[in-house]
$ cat query.txt   # compact mmCIF, C-alpha atoms
# COMPACT_ATOMS: atom_id res chain seq x y z
CA MET O 1187 -21.83 -37.68 42.72
CA LYS O 1188 -19.99 -35.40 45.07
CA LEU O 1189 -16.71 -36.46 43.55
CA LYS O 1190 -18.01 -35.44 40.15
CA LEU O 1191 -19.00 -32.04 41.48
CA VAL O 1192 -15.63 -31.55 43.08
CA LEU O 1193 -13.93 -32.59 39.86
CA ALA O 1194 -16.14 -30.29 37.82
CA ALA O 1195 -15.38 -27.46 40.24
CA ALA O 1196 -11.68 -28.22 40.00
CA ILE O 1197 -11.85 -28.17 36.21
CA VAL O 1198 -13.76 -24.91 36.16
CA THR O 1199 -11.30 -23.37 38.60
CA GLY O 1200 -8.45 -24.69 36.51
CA LEU O 1201 -9.91 -23.20 33.36
CA GLY O 1202 -10.46 -19.95 35.16
CA LEU O 1203 -6.85 -19.95 36.32
CA THR O 1204 -5.58 -20.61 32.81
CA ALA O 1205 -7.69 -17.75 31.55
CA ALA O 1206 -6.39 -15.55 34.35
CA ILE O 1207 -2.81 -16.46 33.52
CA ALA O 1208 -3.40 -15.77 29.81
CA ALA O 1209 -5.04 -12.47 30.67
CA ASP O 1210 -1.90 -11.41 32.53
CA GLU O 1211 0.38 -12.01 29.56
CA PRO O 1212 1.67 -8.67 28.25
CA GLN O 1213 0.58 -9.59 24.72
CA VAL O 1214 -3.02 -9.98 25.91
CA VAL O 1215 -2.92 -6.89 28.14
CA ARG O 1216 -1.75 -4.67 25.30
CA GLN O 1217 -4.23 -6.21 22.85
CA GLU O 1218 -7.05 -5.44 25.29
CA MET O 1219 -5.77 -1.87 25.59
CA MET O 1220 -5.89 -1.41 21.82
CA LYS O 1221 -9.39 -2.89 21.76
CA LYS O 1222 -10.41 -0.28 24.33
CA VAL O 1223 -9.07 2.46 22.08
CA GLY O 1224 -10.89 0.88 19.13
CA GLY O 1225 -14.12 0.86 21.13
CA ALA O 1226 -13.64 4.49 22.13
CA MET O 1227 -12.93 5.43 18.52
CA GLY O 1228 -16.04 3.50 17.52
CA ALA O 1229 -18.17 5.62 19.85
CA ILE O 1230 -16.74 8.78 18.26
CA GLY O 1231 -17.08 7.26 14.79
CA ALA O 1232 -20.77 6.54 15.32
CA ILE O 1233 -21.31 10.27 15.93
CA VAL O 1234 -19.20 11.23 12.90
CA LYS O 1235 -21.12 8.82 10.67
CA GLY O 1236 -24.41 10.17 12.00
CA GLU O 1237 -25.46 6.83 13.47
CA LYS O 1238 -25.66 8.43 16.94
CA PRO O 1239 -26.47 12.03 17.89
CA PHE O 1240 -23.64 14.25 19.11
CA ASP O 1241 -23.02 13.66 22.81
CA ALA O 1242 -20.25 15.62 24.53
CA GLU O 1243 -20.08 13.11 27.40
CA VAL O 1244 -19.43 10.21 25.01
CA VAL O 1245 -16.67 12.13 23.23
CA LYS O 1246 -15.14 13.16 26.55
CA ALA O 1247 -15.14 9.62 27.93
CA SER O 1248 -13.70 8.24 24.69
CA LEU O 1249 -10.87 10.76 24.53
CA THR O 1250 -10.10 10.20 28.20
CA THR O 1251 -9.77 6.45 27.58
CA MET O 1252 -7.40 7.10 24.68
CA ALA O 1253 -5.26 9.52 26.69
CA GLU O 1254 -4.97 7.00 29.52
CA VAL O 1255 -4.07 4.10 27.24
CA GLY O 1256 -1.40 6.20 25.52
CA LYS O 1257 0.33 6.72 28.87
CA ASP O 1258 0.46 3.08 29.92
CA PHE O 1259 0.59 1.23 26.60
CA PRO O 1260 4.40 1.10 26.01
CA ASN O 1261 4.91 -0.41 29.49
CA HIS O 1262 3.56 -3.72 28.24
CA PHE O 1263 6.34 -4.67 25.84
CA PRO O 1264 8.88 -6.38 28.12
CA ALA O 1265 11.65 -8.54 26.67
CA GLY O 1266 10.25 -12.00 25.98
CA SER O 1267 6.86 -10.74 24.84
CA GLU O 1268 7.91 -10.22 21.22
CA VAL O 1269 5.75 -13.02 19.84
CA GLY O 1270 2.91 -15.29 20.88
CA MET O 1271 -0.79 -14.88 21.67
CA ASP O 1272 -1.36 -13.70 18.08
CA SER O 1273 0.76 -10.65 18.78
CA GLU O 1274 0.99 -8.29 15.81
CA ALA O 1275 3.81 -6.29 17.40
CA SER O 1276 6.65 -5.61 14.98
CA PRO O 1277 10.22 -6.42 16.08
CA LYS O 1278 10.96 -2.79 15.28
CA ILE O 1279 9.32 -1.84 18.60
CA TRP O 1280 12.23 -3.32 20.51
CA GLU O 1281 14.77 -1.89 18.07
CA ASN O 1282 13.40 1.66 18.47
CA MET O 1283 11.77 1.60 21.90
CA ASP O 1284 12.27 5.35 22.46
CA ASP O 1285 10.56 6.24 19.22
CA PHE O 1286 7.78 3.75 19.97
CA LYS O 1287 7.24 5.40 23.37
CA ALA O 1288 7.16 8.82 21.70
CA LYS O 1289 4.49 7.58 19.30
CA ALA O 1290 2.34 6.35 22.21
CA ALA O 1291 2.86 9.67 24.01
CA GLU O 1292 1.63 11.40 20.86
CA LEU O 1293 -1.74 9.63 21.22
CA THR O 1294 -2.05 11.00 24.76
CA LYS O 1295 -0.94 14.46 23.68
CA VAL O 1296 -3.41 14.69 20.81
CA ALA O 1297 -6.29 13.19 22.83
CA GLU O 1298 -5.67 15.67 25.65
CA ALA O 1299 -5.49 18.59 23.22
CA GLN O 1300 -8.87 17.53 21.81
CA LEU O 1301 -10.24 17.21 25.34
CA ALA O 1302 -9.12 20.76 26.07
CA ALA O 1303 -10.76 22.07 22.90
CA MET O 1304 -13.80 19.73 23.00
CA PRO O 1305 -15.93 19.48 19.87
CA THR O 1306 -19.40 21.00 20.02
CA ASN O 1307 -21.13 19.23 17.14
CA GLN O 1308 -20.90 16.41 14.63
CA ALA O 1309 -18.62 18.30 12.23
CA SER O 1310 -16.02 19.17 14.86
CA THR O 1311 -16.17 15.58 16.13
CA GLY O 1312 -15.08 14.56 12.62
CA ALA O 1313 -11.99 16.73 13.05
CA VAL O 1314 -11.28 15.00 16.39
CA MET O 1315 -11.43 11.61 14.70
CA LYS O 1316 -9.07 12.75 11.97
CA ALA O 1317 -6.55 14.22 14.41
CA VAL O 1318 -6.48 11.20 16.71
CA GLY O 1319 -6.68 8.76 13.80
CA ALA O 1320 -3.47 10.18 12.36
CA THR O 1321 -1.62 9.10 15.52
CA CYS O 1322 -3.05 5.56 15.18
CA SER O 1323 -1.81 5.12 11.64
CA SER O 1324 1.52 6.88 12.16
CA CYS O 1325 2.41 4.29 14.82
CA HIS O 1326 0.81 1.29 13.10
CA GLU O 1327 2.66 2.12 9.89
CA THR O 1328 5.95 1.07 11.47
CA TYR O 1329 5.21 -0.92 14.59
CA ARG O 1330 2.36 -3.23 13.73
CA LEU O 1331 2.59 -6.33 11.57
CA LYS O 1332 -0.42 -7.64 9.74
CA LYS O 1333 -0.57 -11.41 10.36
CA MET R 555 36.48 -36.24 -38.03
CA ALA R 556 37.59 -33.23 -36.09
CA SER R 557 36.28 -30.95 -38.76
CA LYS R 558 32.87 -32.62 -38.50
CA TRP R 559 32.72 -31.85 -34.78
CA LEU R 560 33.97 -28.38 -35.43
CA LYS R 561 31.19 -27.88 -37.95
CA ARG R 562 28.62 -29.10 -35.47
CA LEU R 563 30.02 -26.83 -32.82
CA GLY R 564 30.00 -23.99 -35.30
CA ALA R 565 26.37 -24.71 -36.15
CA LEU R 566 25.50 -24.74 -32.48
CA VAL R 567 27.22 -21.41 -31.88
CA ALA R 568 25.47 -19.95 -34.90
CA LEU R 569 22.16 -21.24 -33.60
CA GLY R 570 22.90 -19.67 -30.24
CA VAL R 571 23.71 -16.34 -31.86
CA VAL R 572 20.56 -16.44 -33.98
CA GLY R 573 18.52 -17.43 -30.92
CA GLY R 574 20.09 -14.70 -28.83
CA ALA R 575 19.54 -12.13 -31.55
CA GLY R 576 15.99 -13.37 -31.93
CA PHE R 577 15.42 -12.95 -28.19
CA LEU R 578 16.78 -9.42 -28.31
CA ILE R 579 14.62 -8.52 -31.31
CA VAL R 580 11.46 -10.02 -29.86
CA THR R 581 12.07 -8.50 -26.43
CA ALA R 582 13.50 -5.12 -27.49
CA PRO R 583 12.01 -2.12 -25.66
CA GLN R 584 8.93 -0.97 -27.56
CA ARG R 585 7.73 2.59 -27.43
CA GLN R 586 4.17 3.61 -28.12
CA ASP R 587 3.35 4.99 -31.55
CA ALA R 588 4.16 8.71 -31.38
CA SER R 589 0.60 9.54 -32.41
CA VAL R 590 -0.63 8.33 -28.99
CA TRP R 591 0.97 11.39 -27.36
CA ALA R 592 0.19 13.93 -30.07
CA ASP R 593 -2.68 16.44 -29.94
CA LEU R 594 -3.53 15.92 -26.27
CA GLY R 595 -3.62 19.66 -25.68
CA ALA R 596 -3.12 21.53 -22.41
CA ALA R 597 -3.06 19.46 -19.24
CA ASP R 598 -6.05 19.56 -16.88
CA LEU R 599 -4.13 20.17 -13.65
CA ASP R 600 -7.01 19.26 -11.33
CA ASN R 601 -7.33 15.90 -13.00
CA GLY R 602 -3.53 15.61 -12.97
CA ARG R 603 -3.57 16.03 -9.19
CA ARG R 604 -6.29 13.37 -8.91
CA ILE R 605 -4.24 10.92 -10.98
CA PHE R 606 -1.14 11.81 -8.95
CA PHE R 607 -2.84 10.68 -5.75
CA ALA R 608 -4.63 7.75 -7.38
CA GLY R 609 -1.21 6.58 -8.58
CA GLY R 610 0.49 7.08 -5.22
CA CYS R 611 3.56 8.66 -6.88
CA THR R 612 4.61 10.39 -3.67
CA SER R 613 4.72 7.16 -1.65
CA CYS R 614 7.83 5.95 -3.50
CA HIS R 615 9.23 9.12 -5.06
CA ALA R 616 9.16 11.52 -2.07
CA ALA R 617 11.73 11.15 0.69
CA ALA R 618 10.75 8.56 3.31
CA LYS R 619 8.45 9.77 6.12
CA SER R 620 7.57 12.98 4.31
CA GLU R 621 4.60 14.86 5.68
CA GLY R 622 2.53 17.73 4.29
CA ASP R 623 4.05 19.69 1.42
CA ALA R 624 7.23 17.61 1.59
CA ARG R 625 5.19 14.82 -0.03
CA LEU R 626 5.18 16.91 -3.19
CA VAL R 627 8.99 17.01 -3.45
CA LEU R 628 9.68 13.97 -5.62
CA SER R 629 13.41 13.74 -5.00
CA GLY R 630 13.54 9.93 -4.90
CA GLY R 631 12.39 7.82 -2.02
CA ALA R 632 12.98 5.13 0.54
CA PRO R 633 14.62 1.90 -0.66
CA LEU R 634 12.13 -0.71 -1.87
CA LYS R 635 13.29 -4.16 -0.82
CA SER R 636 12.34 -7.17 -2.91
CA PRO R 637 13.43 -10.79 -3.40
CA PHE R 638 15.43 -9.55 -6.43
CA GLY R 639 17.37 -6.80 -4.66
CA THR R 640 16.82 -3.26 -3.45
CA PHE R 641 15.31 -0.62 -5.72
CA HIS R 642 15.70 3.13 -5.32
CA ALA R 643 12.93 5.21 -6.88
CA PRO R 644 14.51 8.00 -8.93
CA ASN R 645 14.05 11.74 -8.74
CA ILE R 646 10.96 12.63 -10.83
CA SER R 647 10.79 16.25 -9.69
CA SER R 648 10.58 19.10 -12.19
CA SER R 649 14.37 19.62 -12.14
CA PRO R 650 15.61 19.50 -15.76
CA THR R 651 18.88 17.87 -14.69
CA ALA R 652 18.13 15.59 -11.71
CA GLY R 653 14.43 15.07 -12.45
CA ILE R 654 12.17 14.82 -15.48
CA GLY R 655 11.77 18.56 -16.16
CA ALA R 656 13.39 18.22 -19.60
CA TRP R 657 11.42 15.13 -20.67
CA THR R 658 8.87 15.20 -23.47
CA LEU R 659 5.34 13.88 -22.97
CA ALA R 660 6.16 10.95 -25.27
CA GLU R 661 9.21 10.03 -23.17
CA PHE R 662 7.15 10.25 -19.98
CA GLY R 663 4.24 8.37 -21.52
CA ASP R 664 6.42 5.55 -22.86
CA ALA R 665 8.02 5.15 -19.43
CA MET R 666 4.59 5.07 -17.76
CA THR R 667 2.82 2.73 -20.16
CA ARG R 668 5.59 0.63 -21.75
CA GLY R 669 8.38 0.61 -19.16
CA VAL R 670 10.79 2.21 -21.63
CA GLY R 671 13.26 4.76 -20.25
CA ARG R 672 14.34 8.01 -21.83
CA ASP R 673 17.36 6.35 -23.46
CA GLY R 674 15.25 3.51 -24.81
CA GLU R 675 16.23 1.10 -22.02
CA HIS R 676 13.92 -1.35 -20.23
CA LEU R 677 12.76 -0.10 -16.83
CA TYR R 678 12.44 -2.40 -13.84
CA PRO R 679 8.85 -3.38 -13.03
CA SER R 680 9.37 -2.14 -9.45
CA PHE R 681 8.09 0.96 -11.24
CA PRO R 682 4.57 -0.38 -11.78
CA TYR R 683 4.23 0.31 -15.53
CA GLY R 684 2.64 -3.16 -15.74
CA SER R 685 -0.39 -1.43 -14.17
CA TYR R 686 0.07 2.07 -15.62
CA ALA R 687 -0.06 0.46 -19.10
CA ARG R 688 -3.86 0.62 -18.74
CA MET R 689 -3.92 4.38 -18.22
CA ALA R 690 -5.62 6.70 -20.71
CA PRO R 691 -3.25 9.02 -22.65
CA LYS R 692 -5.29 11.99 -21.43
CA ASP R 693 -4.64 11.07 -17.79
CA ILE R 694 -0.91 10.65 -18.52
CA ASN R 695 -0.88 14.10 -20.12
CA ASP R 696 -2.70 15.65 -17.16
CA LEU R 697 -0.41 13.92 -14.67
CA PHE R 698 2.70 15.04 -16.55
CA GLY R 699 1.38 18.61 -16.49
CA PHE R 700 0.73 18.39 -12.76
CA LEU R 701 4.18 16.93 -12.00
CA LYS R 702 5.77 19.92 -13.76
CA THR R 703 4.06 22.25 -11.27
CA LEU R 704 5.76 20.53 -8.32
CA PRO R 705 9.05 21.74 -6.78
CA ALA R 706 12.40 20.91 -8.37
CA SER R 707 14.90 18.90 -6.33
CA GLU R 708 18.54 18.43 -7.31
CA THR R 709 18.99 15.25 -5.27
CA VAL R 710 20.25 12.32 -7.31
CA ALA R 711 18.83 9.02 -6.06
CA PRO R 712 21.21 6.06 -5.65
CA ALA R 713 21.31 3.35 -8.33
CA HIS R 714 19.38 0.11 -7.76
CA GLU R 715 21.30 -2.51 -5.76
CA LEU R 716 20.65 -5.74 -7.63
CA PRO R 717 22.71 -8.94 -7.77
CA PHE R 718 23.47 -10.77 -11.03
CA PRO R 719 21.46 -11.62 -13.15
CA PHE R 720 18.84 -9.07 -12.13
CA ASN R 721 21.25 -6.22 -12.83
CA ILE R 722 21.15 -7.04 -16.56
CA ARG R 723 18.49 -4.76 -18.00
CA LEU R 724 18.25 -6.77 -21.23
CA SER R 725 16.80 -9.66 -19.23
CA LEU R 726 13.79 -7.45 -18.46
CA GLY R 727 12.76 -7.99 -22.07
CA GLY R 728 12.15 -11.60 -21.08
CA TRP R 729 10.11 -10.49 -18.09
CA LYS R 730 7.98 -8.24 -20.25
CA PHE R 731 7.60 -11.03 -22.84
CA LEU R 732 6.24 -13.33 -20.14
CA TYR R 733 4.15 -10.94 -18.08
CA PHE R 734 3.60 -7.52 -19.62
CA THR R 735 0.03 -6.90 -20.80
CA ASP R 736 -2.36 -3.98 -20.94
CA ALA R 737 -5.44 -6.22 -21.02
CA PRO R 738 -7.97 -6.13 -18.14
CA ARG R 739 -6.89 -8.24 -15.16
CA VAL R 740 -10.36 -9.71 -14.73
CA GLU R 741 -13.51 -9.81 -16.82
CA ILE R 742 -16.55 -8.52 -14.97
CA ALA R 743 -19.85 -9.32 -16.66
CA ASN R 744 -22.43 -6.52 -16.79
CA ALA R 745 -20.12 -4.00 -15.12
CA ASP R 746 -21.87 -0.64 -14.72
CA ASP R 747 -20.06 2.68 -15.15
CA GLN R 748 -19.11 2.82 -11.47
CA VAL R 749 -17.50 -0.62 -11.55
CA LYS R 750 -15.74 0.26 -14.80
CA LEU R 751 -14.30 3.42 -13.24
CA GLY R 752 -13.21 1.37 -10.22
CA GLN R 753 -11.58 -1.19 -12.50
CA TYR R 754 -9.66 1.58 -14.26
CA LEU R 755 -8.51 3.15 -10.99
CA VAL R 756 -7.54 -0.15 -9.31
CA GLU R 757 -5.96 -1.96 -12.28
CA GLY R 758 -4.41 1.18 -13.81
CA PRO R 759 -3.13 4.16 -11.80
CA GLY R 760 -3.92 2.69 -8.37
CA HIS R 761 -1.76 -0.37 -9.11
CA CYS R 762 -3.33 -2.15 -6.10
CA GLY R 763 -2.51 -5.57 -7.55
CA GLU R 764 1.23 -4.88 -7.41
CA CYS R 765 1.15 -5.63 -3.66
CA HIS R 766 -2.19 -7.40 -3.24
CA THR R 767 -1.65 -10.09 -5.89
CA PRO R 768 0.83 -12.88 -5.09
CA ARG R 769 3.77 -13.39 -7.45
CA ASP R 770 5.61 -16.40 -8.84
CA MET R 771 9.38 -16.94 -8.61
CA PHE R 772 10.10 -14.60 -11.54
CA GLY R 773 7.97 -11.80 -10.14
CA GLY R 774 4.91 -12.25 -12.37
CA PHE R 775 1.39 -12.40 -10.98
CA LYS R 776 0.09 -15.87 -10.19
CA THR R 777 -2.88 -16.60 -12.43
CA GLY R 778 -6.31 -16.85 -10.82
CA ARG R 779 -5.12 -15.08 -7.67
CA TRP R 780 -5.91 -11.47 -8.60
CA LEU R 781 -5.95 -9.34 -5.39
CA ALA R 782 -5.89 -12.49 -3.25
CA GLY R 783 -2.97 -11.34 -1.06
CA GLY R 784 -0.10 -13.40 0.27
CA PRO R 785 3.25 -13.10 2.04
CA ASN R 786 4.75 -9.61 2.09
CA PRO R 787 7.55 -9.54 -0.53
CA GLU R 788 9.16 -6.65 1.37
CA GLY R 789 9.63 -8.78 4.49
CA GLN R 790 7.57 -9.63 7.53
CA GLY R 791 3.82 -10.04 7.75
CA THR R 792 1.27 -10.67 5.05
CA ILE R 793 -0.62 -8.62 2.48
CA PRO R 794 -4.36 -9.13 2.90
CA ASN R 795 -6.71 -10.68 0.37
CA ILE R 796 -9.05 -7.87 -0.79
CA THR R 797 -11.43 -9.95 -2.92
CA PRO R 798 -14.97 -10.77 -1.70
CA GLY R 799 -13.54 -14.16 -0.63
CA SER R 800 -11.27 -12.54 1.96
CA LYS R 801 -11.56 -13.71 5.57
CA SER R 802 -10.72 -10.21 6.80
CA ILE R 803 -12.59 -7.83 4.49
CA GLY R 804 -14.88 -10.10 2.44
CA GLY R 805 -17.74 -9.17 4.76
CA TRP R 806 -17.24 -5.41 4.41
CA SER R 807 -19.88 -3.49 2.50
CA GLN R 808 -19.02 -1.16 -0.38
CA GLY R 809 -19.55 1.73 2.05
CA ASP R 810 -17.19 0.14 4.59
CA ILE R 811 -14.42 -0.06 1.99
CA ALA R 812 -14.94 3.52 0.79
CA SER R 813 -14.98 4.74 4.38
CA TYR R 814 -11.75 2.85 5.18
CA LEU R 815 -10.03 4.47 2.19
CA GLU R 816 -11.21 7.88 3.38
CA THR R 817 -10.60 7.67 7.13
CA GLY R 818 -8.20 4.77 7.65
CA PHE R 819 -10.61 3.00 9.98
CA THR R 820 -12.03 -0.49 9.52
CA PRO R 821 -15.74 -1.07 10.30
CA ASP R 822 -14.80 -2.08 13.87
CA PHE R 823 -12.52 0.96 14.23
CA ASP R 824 -9.23 -0.81 13.97
CA SER R 825 -6.80 1.43 12.12
CA VAL R 826 -4.86 1.15 8.89
CA GLY R 827 -1.26 -0.05 9.33
CA GLY R 828 1.97 -0.84 7.51
CA THR R 829 2.55 0.40 3.98
CA MET R 830 -1.22 0.81 3.53
CA VAL R 831 -0.95 3.95 5.69
CA GLU R 832 0.73 5.78 2.79
CA VAL R 833 -1.80 4.41 0.33
CA GLN R 834 -4.74 5.46 2.48
CA LYS R 835 -3.35 9.01 2.77
CA ASN R 836 -3.38 9.16 -1.03
CA MET R 837 -6.86 7.64 -1.30
CA ALA R 838 -8.15 10.27 1.14
CA GLU R 839 -7.25 12.92 -1.48
CA LEU R 840 -9.61 11.42 -4.08
CA THR R 841 -13.27 12.34 -4.49
CA PRO R 842 -15.94 10.29 -2.69
CA ALA R 843 -17.12 9.13 -6.15
CA ASP R 844 -13.68 7.71 -6.97
CA ARG R 845 -13.47 5.90 -3.61
CA GLU R 846 -16.98 4.48 -4.07
CA ALA R 847 -15.99 3.26 -7.54
CA ILE R 848 -12.91 1.50 -6.17
CA ALA R 849 -15.08 -0.11 -3.50
CA ALA R 850 -17.71 -1.18 -6.06
CA TYR R 851 -15.03 -2.83 -8.19
CA LEU R 852 -13.54 -4.65 -5.17
CA LYS R 853 -17.01 -6.05 -4.42
CA ALA R 854 -17.34 -7.16 -8.07
CA VAL R 855 -14.03 -8.99 -8.65
CA PRO R 856 -14.02 -12.81 -8.48
CA ALA R 857 -13.91 -14.05 -4.89
CA VAL R 858 -10.68 -15.91 -4.13
CA GLU R 859 -10.39 -17.88 -0.92
$ encode --input "query.txt" --output "structure tokens"
Amino acid sequence: MKLKLVLAAAIVTGLGLTAAIAADEPQVVRQEMMKKVGGAMGAIGAIVKGEKPFDAEVVKASLTTMAEVGKDFPNHFPAGSEVGMDSEASPKIWENMDDFKAKAAELTKVAEAQLAAMPTNQASTGAVMKAVGATCSSCHETYRLKK
Amino acid sequence: MASKWLKRLGALVALGVVGGAGFLIVTAPQRQDASVWADLGAADLDNGRRIFFAGGCTSCHAAAKSEGDARLVLSGGAPLKSPFGTFHAPNISSSPTAGIGAWTLAEFGDAMTRGVGRDGEHLYPSFPYGSYARMAPKDINDLFGFLKTLPASETVAPAHELPFPFNIRLSLGGWKFLYFTDAPRVEIANADDQVKLGQYLVEGPGHCGECHTPRDMFGGFKTGRWLAGGPNPEGQGTIPNITPGSKSIGGWSQGDIASYLETGFTPDFDSVGGTMVEVQKNMAELTPADREAIAAYLKAVPAVE
């Protein structure tokens, strides 16, 4: 009985370790970062669509998340992480790393500019979404592959 | 004996000539009847602008990576890679020399709806006249009027870079014979006016199927796979299935699709990417009613797994 428990514990620990290792892979780290941005955009989008009332704190937190991700995001594309883990990164990232970094910096720049201006109602939140959204698509146009 | 063989050979050659001539006659470029383009009156420029964005003209005919007003300078665009070679979209600005400023409506309309060039030559279907063939003459007239209001550019685009035999324009007659049609791509029973408008926009000016429908080895659409997606003919990645049977967007509502076309965001706030970025920018210029119609049609087409 005890042996079984120990084994079970070992298996669980092992699984946990595997998960931890996978979570450290740059492909997974950067995917999680993009999901965070997607979540933040979703919070803003809910206001724009009128599903949630305007809330300055929500917009502020969302834009802050985006600005932070933009700063760190390009650091997670080391050589050797081009493929795997369902990565949708285009090989063009490694061919034009400087331009890719500039595109990520643009997300931070635009998010910070919107933070400085801060929308005051639903309509101006729509403008925030449009401004930040343009940086999403301008980078994804070149550097993301649809699998 | 020898003369008998010679006769047979002669007969064979004659047959070949007749066959070849027959092919050329059957597949000769065919213009529309001139009456199609007569009496259309003054162009409605607002509608012309709508058709311009529905058709995505700027995405291929403006210089690559153009932003803002530069998207209205139709000097010829980025190379379009394909399994048949590389195409270069020509200058269609209002310049009378480098562009189409000196063209007549009939010349423009025949190019748009029959793939026939100004000199009566076959045009390559990289210019999606296989879709534009469904467009109403009035919309062609309005679009032509709108294009004339755009800036002139004197840039001459490079010629297409195509290997043999694709560089032989006459062979395009065969392609048209096999694939060219202006019939509806799908039959939708009990389509209401909204779905009909969507069908017109998607199958005609929008030419969505040109990327979203998989092609056979000669570049014709595979039957029964309308809008079902497939490998990207321009290179890496895939083109998504946009029928109701799609794993990725089959579950989207009509409103989700219309909202994506307007904002570039999926229902879970992932963003538009790849060449669809250009398309979405164009779709954002349409009216909400046009985007809703496109979405209604996409929900009504046959589901393909």
$ interface_residues --input "query.txt" --of "chain R" --to "chain O" --cutoff "12 Å" --atoms "all atoms listed in the file" --output "number ranges by chain"
R: 619-621, 783-786, 789-795, 802, 809-810, 813-814, 816-835, 838
$ residues_around --input "query.txt" --residues "Thr1251 in chain O" --least-positions-apart "4" --cutoff "9 Å" --atoms "all atoms listed in the file" --output "short mmCIF file (atom, residue, chain, number, x, y, z; two decimals) with C-alpha atoms, in the frame of the given file"
data_model
loop_
_atom_site.label_atom_id
_atom_site.label_comp_id
_atom_site.auth_asym_id
_atom_site.auth_seq_id
_atom_site.Cartn_x
_atom_site.Cartn_y
_atom_site.Cartn_z
CA LYS O 1222 -10.41 -0.28 24.33
CA VAL O 1223 -9.07 2.46 22.08
CA ALA O 1226 -13.64 4.49 22.13
CA LYS O 1246 -15.14 13.16 26.55
CA ALA O 1247 -15.14 9.62 27.93
CA VAL O 1255 -4.07 4.10 27.24
CA GLY O 1256 -1.40 6.20 25.52
CA ALA O 1297 -6.29 13.19 22.83
#
$ atom_distance --input "query.txt" --atom1 "CA of Met689 in chain R" --atom2 "CA of Gly631 in chain R"
23.2 Å
$ residues_around --input "query.txt" --residues "range 1300-1305 of chain O" --least-positions-apart "6" --cutoff "7 Å" --atoms "all atoms listed in the file" --output "list in words"
Lys1246, Leu1249, Thr1311 and Val1314 of chain O
$ write_last_selection --input "query.txt" --atoms "C-alpha atoms" --output "mmCIF file, in the frame of the given file"
data_model
loop_
_atom_site.group_PDB
_atom_site.id
_atom_site.type_symbol
_atom_site.label_atom_id
_atom_site.label_comp_id
_atom_site.auth_asym_id
_atom_site.auth_seq_id
_atom_site.Cartn_x
_atom_site.Cartn_y
_atom_site.Cartn_z
ATOM 1 C CA LYS O 1246 -15.140 13.160 26.550
ATOM 2 C CA LEU O 1249 -10.870 10.760 24.530
ATOM 3 C CA THR O 1311 -16.170 15.580 16.130
ATOM 4 C CA VAL O 1314 -11.280 15.000 16.390
#
$ atom_distance --input "query.txt" --atom1 "CA of Ala617 in chain R" --atom2 "CA of Phe1286 in chain O"
21.0 Å
$ axis_aligned_box --input "query.txt" --around "range 691-700 of chain R" --padding-each-side "8 Å" --output "lines of an AutoDock Vina configuration file"
center_x = -1.3
center_y = 13.8
center_z = -17.7
size_x = 24.0
size_y = 25.6
size_z = 25.9
$ atom_distance --input "query.txt" --atom1 "CA of Glu839 in chain R" --atom2 "CA of Arg625 in chain R"
12.7 Å
$ closest_residue --input "query.txt" --among "R:Glu675, R:Cys762, R:Arg723, R:Pro705" --to "Pro650 in chain R" --atoms "all atoms listed in the file"
R:Pro705
$ residues_near_point --input "query.txt" --point "(-0.3, 13.5, -6.4)" --cutoff "9 Å" --atoms "all atoms listed in the file" --output "PyMOL selection string"
chain R and resi 602-612+625-626+697+700-701+836+839
$ residues_around --input "query.txt" --residues "Met1283 in chain O" --least-positions-apart "5" --cutoff "10 Å" --atoms "only C-alpha atoms" --output "number ranges by chain"
O: 1260, 1263, 1278, 1288-1289
$ residues_around --input "query.txt" --residues "Glu846 in chain R" --least-positions-apart "6" --cutoff "12 Å" --atoms "all atoms listed in the file" --output "count of residues only"
24
$ closest_residue --input "query.txt" --among "R:Gly630, R:Leu560, R:Ala854, R:Val740" --to "Gly653 in chain R" --atoms "all atoms listed in the file"
R:Gly630
$ residues_around --input "query.txt" --residues "Gly1270 in chain O" --least-positions-apart "2" --cutoff "12 Å" --atoms "only C-alpha atoms" --output "VMD selection string"
chain O and resid 1208 1211 to 1214 1217 1266 to 1268 1272 to 1276 1333
